[in-house]
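Asks: Structure supplied as target-v4.cif; contents: mmCIF, C-alpha atoms.
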data_model
#
loop_
_atom_site.label_atom_id
_atom_site.label_comp_id
_atom_site.auth_asym_id
_atom_site.auth_seq_id
_atom_site.Cartn_x
_atom_site.Cartn_y
_atom_site.Cartn_z
CA MET A 6 90.65 101.30 89.90
CA LYS A 7 90.71 103.12 93.25
CA ASN A 8 87.82 100.94 94.41
CA CYS A 9 89.99 97.90 93.71
CA TYR A 10 92.79 99.36 95.85
CA PHE A 11 90.30 100.19 98.59
CA ILE A 12 88.97 96.64 98.67
CA ILE A 13 92.46 95.11 98.65
CA LEU A 14 93.67 97.36 101.45
CA ASN A 15 90.58 96.67 103.53
CA LEU A 16 91.33 92.98 103.20
CA ILE A 17 94.88 93.50 104.40
CA PHE A 18 94.35 95.79 107.35
CA LEU A 19 90.87 95.13 108.48
CA TRP A 20 90.10 91.50 107.78
CA GLY A 21 93.62 90.24 108.34
CA CYS A 22 93.40 91.26 111.98
CA VAL A 23 90.12 89.56 112.81
CA SER A 24 91.29 87.02 115.35
CA VAL A 25 93.31 89.50 117.39
CA GLN A 26 91.85 92.91 116.75
CA LEU A 27 88.07 92.66 116.75
CA PRO A 28 86.61 93.74 120.04
CA SER A 29 84.23 91.35 121.77
CA SER A 30 82.00 92.03 124.72
CA LYS A 31 85.09 91.80 126.94
CA ASP A 32 87.46 93.63 124.59
CA LEU A 33 86.99 97.38 124.37
CA ARG A 34 88.50 100.12 122.28
CA SER A 35 90.73 102.73 123.91
CA LYS A 36 89.14 106.05 124.80
CA ASN A 37 92.48 107.81 125.47
CA VAL A 38 93.92 108.25 121.99
CA GLN A 39 95.26 111.59 120.79
CA PHE A 40 96.21 112.09 117.14
CA LYS A 41 96.15 114.52 114.25
CA THR A 42 94.19 113.45 111.19
CA PRO A 43 96.52 112.63 108.27
CA GLN A 44 96.84 115.45 105.78
CA ALA A 45 95.33 115.47 102.27
CA PRO A 46 95.03 113.49 100.08
CA PHE A 47 93.88 111.20 102.93
CA LYS A 48 90.21 111.28 103.80
CA ASP A 49 88.29 109.57 106.56
CA PHE A 50 86.46 106.35 105.83
CA ALA A 51 84.12 104.57 108.18
CA THR A 52 84.78 101.01 109.26
CA THR A 53 83.87 98.93 112.25
CA GLN A 54 87.14 97.00 111.95
CA SER A 55 89.42 99.78 113.22
CA ASP A 56 89.17 102.73 115.56
CA ARG A 57 89.87 105.18 112.73
CA ALA A 58 90.98 104.79 109.13
CA TRP A 59 91.86 107.06 106.23
CA ILE A 60 92.35 106.37 102.53
CA SER A 61 94.34 108.41 100.05
CA GLU A 62 92.29 109.78 97.18
CA LYS A 63 95.52 109.89 95.17
CA THR A 64 96.96 106.38 95.61
CA GLY A 65 94.48 104.26 97.54
CA ASN A 66 97.02 103.82 100.37
CA THR A 67 95.51 103.56 103.84
CA ILE A 68 96.43 104.68 107.35
CA SER A 69 94.58 103.21 110.31
CA PHE A 70 94.85 102.39 113.96
CA LEU A 71 93.27 99.67 116.03
CA SER A 72 93.09 99.34 119.79
CA GLN A 73 92.01 96.44 121.93
CA CYS A 74 91.68 96.75 125.67
CA GLY A 75 90.92 94.13 128.29
CA ASN A 76 91.97 91.21 126.10
CA GLN A 77 92.11 88.19 128.39
CA ASN A 78 94.29 86.32 125.88
CA ASP A 79 96.94 89.09 126.08
CA PRO A 80 98.70 88.32 122.79
CA SER A 81 102.35 89.25 122.42
CA ILE A 82 103.45 91.98 120.03
CA GLU A 83 104.74 89.26 117.71
CA GLN A 84 101.38 87.45 117.76
CA ILE A 85 99.56 90.69 116.93
CA GLU A 86 101.99 91.31 114.07
CA ASN A 87 101.54 87.79 112.70
CA GLU A 88 97.76 88.05 112.82
CA SER A 89 97.86 91.48 111.18
CA LEU A 90 99.79 90.01 108.26
CA SER A 91 98.03 86.65 108.04
CA SER A 92 96.04 87.51 104.91
CA LEU A 93 99.22 88.04 102.86
CA SER A 94 100.98 85.29 100.95
CA HIS A 95 104.64 85.31 99.90
CA LEU A 96 105.36 87.44 102.96
CA VAL A 97 108.82 89.01 103.15
CA GLY A 98 110.02 91.10 106.08
CA ILE A 99 111.83 94.19 104.82
CA LYS A 100 112.48 95.88 108.14
CA GLY A 101 111.86 95.06 111.76
CA GLU A 102 113.08 96.88 114.80
CA ASN A 103 112.16 97.28 118.43
CA PHE A 104 112.06 100.82 119.73
CA TYR A 105 110.46 103.00 122.39
CA PHE A 106 107.10 104.52 121.42
CA ASN A 107 104.58 106.30 123.67
CA GLU A 108 106.73 105.45 126.68
CA ARG A 109 106.56 101.71 125.93
CA ASN A 110 108.47 99.03 124.09
CA ALA A 111 107.14 98.74 120.55
CA LYS A 112 107.88 97.08 117.25
CA PHE A 113 108.09 98.78 113.87
CA SER A 114 108.06 96.59 110.80
CA ILE A 115 107.66 96.80 107.05
CA HIS A 116 106.57 93.77 105.04
CA ARG A 117 106.00 92.95 101.41
CA GLY A 118 103.45 90.37 100.35
CA VAL A 119 100.79 89.37 97.88
CA LEU A 120 97.04 89.66 98.32
CA ASP A 121 94.77 88.28 95.62
CA GLY A 122 97.66 88.38 93.16
CA VAL A 123 98.55 92.02 93.91
CA ALA A 124 101.94 92.99 95.38
CA VAL A 125 101.43 95.12 98.49
CA GLN A 126 103.59 96.67 101.18
CA VAL A 127 102.62 97.23 104.82
CA ALA A 128 104.16 99.17 107.72
CA LEU A 129 103.09 98.43 111.29
CA ILE A 130 103.78 99.91 114.71
CA ILE A 131 102.56 97.69 117.52
CA PHE A 132 102.74 98.44 121.24
CA LYS A 133 100.92 97.90 124.53
CA LYS A 134 100.01 100.55 127.05
CA ASN A 135 97.64 100.79 130.02
CA GLY A 136 96.03 97.41 129.38
CA CYS A 137 95.49 98.02 125.67
CA ASP A 138 97.11 96.74 122.47
CA TYR A 139 97.66 99.27 119.66
CA THR A 140 98.37 98.66 115.99
CA LEU A 141 99.12 101.59 113.68
CA SER A 142 99.21 100.59 110.04
CA TYR A 143 100.05 102.04 106.67
CA GLY A 144 100.01 100.24 103.38
CA GLY A 145 99.12 100.02 99.78
CA ILE A 146 100.05 98.68 96.42
CA GLU A 147 103.79 98.07 96.50
CA GLU A 148 104.77 100.56 93.79
CA LYS A 149 102.77 103.35 95.52
CA PHE A 150 103.91 102.67 99.09
CA LYS A 151 106.76 105.22 99.25
CA ILE A 152 104.64 108.06 97.80
CA GLU A 153 102.86 108.83 101.09
CA GLU A 154 105.07 107.11 103.66
CA GLN A 155 106.07 110.48 105.13
CA ILE A 156 102.42 111.25 105.91
CA PHE A 157 102.25 108.04 107.96
CA ASN A 158 105.52 108.97 109.71
CA GLN A 159 104.02 112.34 110.65
CA PHE A 160 100.83 110.63 111.84
CA THR A 161 102.85 108.38 114.16
CA LYS A 162 104.71 111.36 115.62
CA ASN A 163 101.37 112.89 116.62
CA PHE A 164 99.82 109.65 117.94
CA LYS A 165 99.76 109.75 121.75
CA ILE A 166 98.35 107.60 124.52
CA PRO A 167 98.42 109.66 127.75
#
Could you take the file, read its structure, and then write that structure out as structure tokens?
Replies:
Amino acid sequence: MKNCYFIILNLIFLWGCVSVQLPSSKDLRSKNVQFKTPQAPFKDFATTQSDRAWISEKTGNTISFLSQCGNQNDPSIEQIENESLSSLSHLVGIKGENFYFNERNAKFSIHRGVLDGVAVQVALIIFKKNGCDYTLSYGGIEEKFKIEEQIFNQFTKNFKIP
């Protein structure tokens, strides 16, 4: 069952961001990211679709971050958010607020949606700094979302772009 969660969450966070987040020959990943690895039960998993990603061995929830630098299209924060959520149907915004994060304007949002018939919930923090776009994401099956939300909150407090 955890493999099912893993596949679903990969579809949400990694494939849903393809048109905005994948680096091309002109788009590079940030080298100036400072963070603390999320605590257990999260463990690292390798993917080429994000800078770093972790999956919970307990719930299948994921935490990841993506960076894109040198993007000539320069999408807005709203465009990045829309692309990040594009794989979800029946999308409902639960929370959305602009705030200051890493010395820049940012957007925090939580959304509920359906992916392949499964109800999921996703939290995003999106901001731009020093010529790069950053997307921090947390999500999972809707009924398990709240279980590890505090771990994501702690991860975001320790996420720094100098």
Asks: Env of A:Ser81: 12 Å cut, atoms = all atoms listed in the file, seq-sep filter 2 positions within chain, self excluded. Answer as a list in words.
Replies: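 Neighbouring residues, sequence-local ones excluded: Val25, Asn76, Gln77, Asn78, Asp79, Glu83, Gln84, Ile85, Glu86, Asn87, Glu88, Asn110, Ala111, Lys112, Ile131, Phe132, Lys133, Cys137, Asp138 and Tyr139 of chain A.
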Asks: Please, could you write that set of residues out with C-alpha atoms as a tab-separated table (two decimals), in the frame of the given file?
Replies:
chain	number	residue	atom	x	y	z
A	25	VAL	CA	93.31	89.50	117.39
A	76	ASN	CA	91.97	91.21	126.10
A	77	GLN	CA	92.11	88.19	128.39
A	78	ASN	CA	94.29	86.32	125.88
A	79	ASP	CA	96.94	89.09	126.08
A	83	GLU	CA	104.74	89.26	117.71
A	84	GLN	CA	101.38	87.45	117.76
A	85	ILE	CA	99.56	90.69	116.93
A	86	GLU	CA	101.99	91.31	114.07
A	87	ASN	CA	101.54	87.79	112.70
A	88	GLU	CA	97.76	88.05	112.82
A	110	ASN	CA	108.47	99.03	124.09
A	111	ALA	CA	107.14	98.74	120.55
A	112	LYS	CA	107.88	97.08	117.25
A	131	ILE	CA	102.56	97.69	117.52
A	132	PHE	CA	102.74	98.44	121.24
A	133	LYS	CA	100.92	97.90	124.53
A	137	CYS	CA	95.49	98.02	125.67
A	138	ASP	CA	97.11	96.74	122.47
A	139	TYR	CA	97.66	99.27	119.66
Asks: Using the chain letters and numbers from the file, which residues does the PyMOL selection byres ((chain A and resi 44-59) around 6) grab, as a list in words?
Replies: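 Evaluating the PyMOL selection byres ((chain A and resi 44-59) around 6) on these coordinates yields Leu19, Pro43, Ile60, Ser61, Glu62, Thr67, Ile68, Ser69, Phe70 and Leu71 of chain A.
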Asks: So that I have them on file, write out the residues from the current selection with C-alpha atoms, as a PDB file, in the coordinates of the input.
Replies:
ATOM      1  CA  LEU A  19      90.870  95.130 108.480  1.00  0.00           C
ATOM      2  CA  PRO A  43      96.520 112.630 108.270  1.00  0.00           C
ATOM      3  CA  ILE A  60      92.350 106.370 102.530  1.00  0.00           C
ATOM      4  CA  SER A  61      94.340 108.410 100.050  1.00  0.00           C
ATOM      5  CA  GLU A  62      92.290 109.780  97.180  1.00  0.00           C
ATOM      6  CA  THR A  67      95.510 103.560 103.840  1.00  0.00           C
ATOM      7  CA  ILE A  68      96.430 104.680 107.350  1.00  0.00           C
ATOM      8  CA  SER A  69      94.580 103.210 110.310  1.00  0.00           C
ATOM      9  CA  PHE A  70      94.850 102.390 113.960  1.00  0.00           C
ATOM     10  CA  LEU A  71      93.270  99.670 116.030  1.00  0.00           C
TER      11      LEU A  71
END
Asks: Write out as number ranges by chain which residues come within 9 Å of A:Asn37 when counting all atoms listed in the file, dropping same-chain ones fewer than 6 positions away.
Replies: A: 165-167
Asks: State, in Å with one decimal place, the distance from atom CA of A:Gly144 to atom CA of A:Val123.
Replies: 12.6 Å
Asks: Which distance in Å separates atom CA of A:Gly118 and atom CA of A:Thr161, to one decimal?
Replies: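 Separation between atom CA of A:Gly118 and atom CA of A:Thr161: 22.7 Å.
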Asks: May I ask which of the residues A:His95, A:Lys134, A:Lys36, A:His116 is the closest one to A:Ile82, counting all atoms listed in the file?
Replies: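 Closest to A:Ile82 of all the choices is A:Lys134.
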Asks: Using only C-alpha atoms for the distances, tell me which of A:Gly75, A:Pro80, A:Gly65, A:Gly145 is nearest to A:Arg117.
Replies: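 The shortest atom-to-atom distance to A:Arg117 comes from A:Gly145.
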Asks: In Å, how far is it from atom CA of A:Leu33 to atom CA of A:Leu129?
Replies: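 Interatomic distance here is 20.8 Å.
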Asks: Measuring between only C-alpha atoms, which one of A:Phe113, A:Tyr143, A:Phe106, A:Phe40 shows the shortest distance to A:Phe157?
Replies: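 Closest candidate: A:Tyr143.
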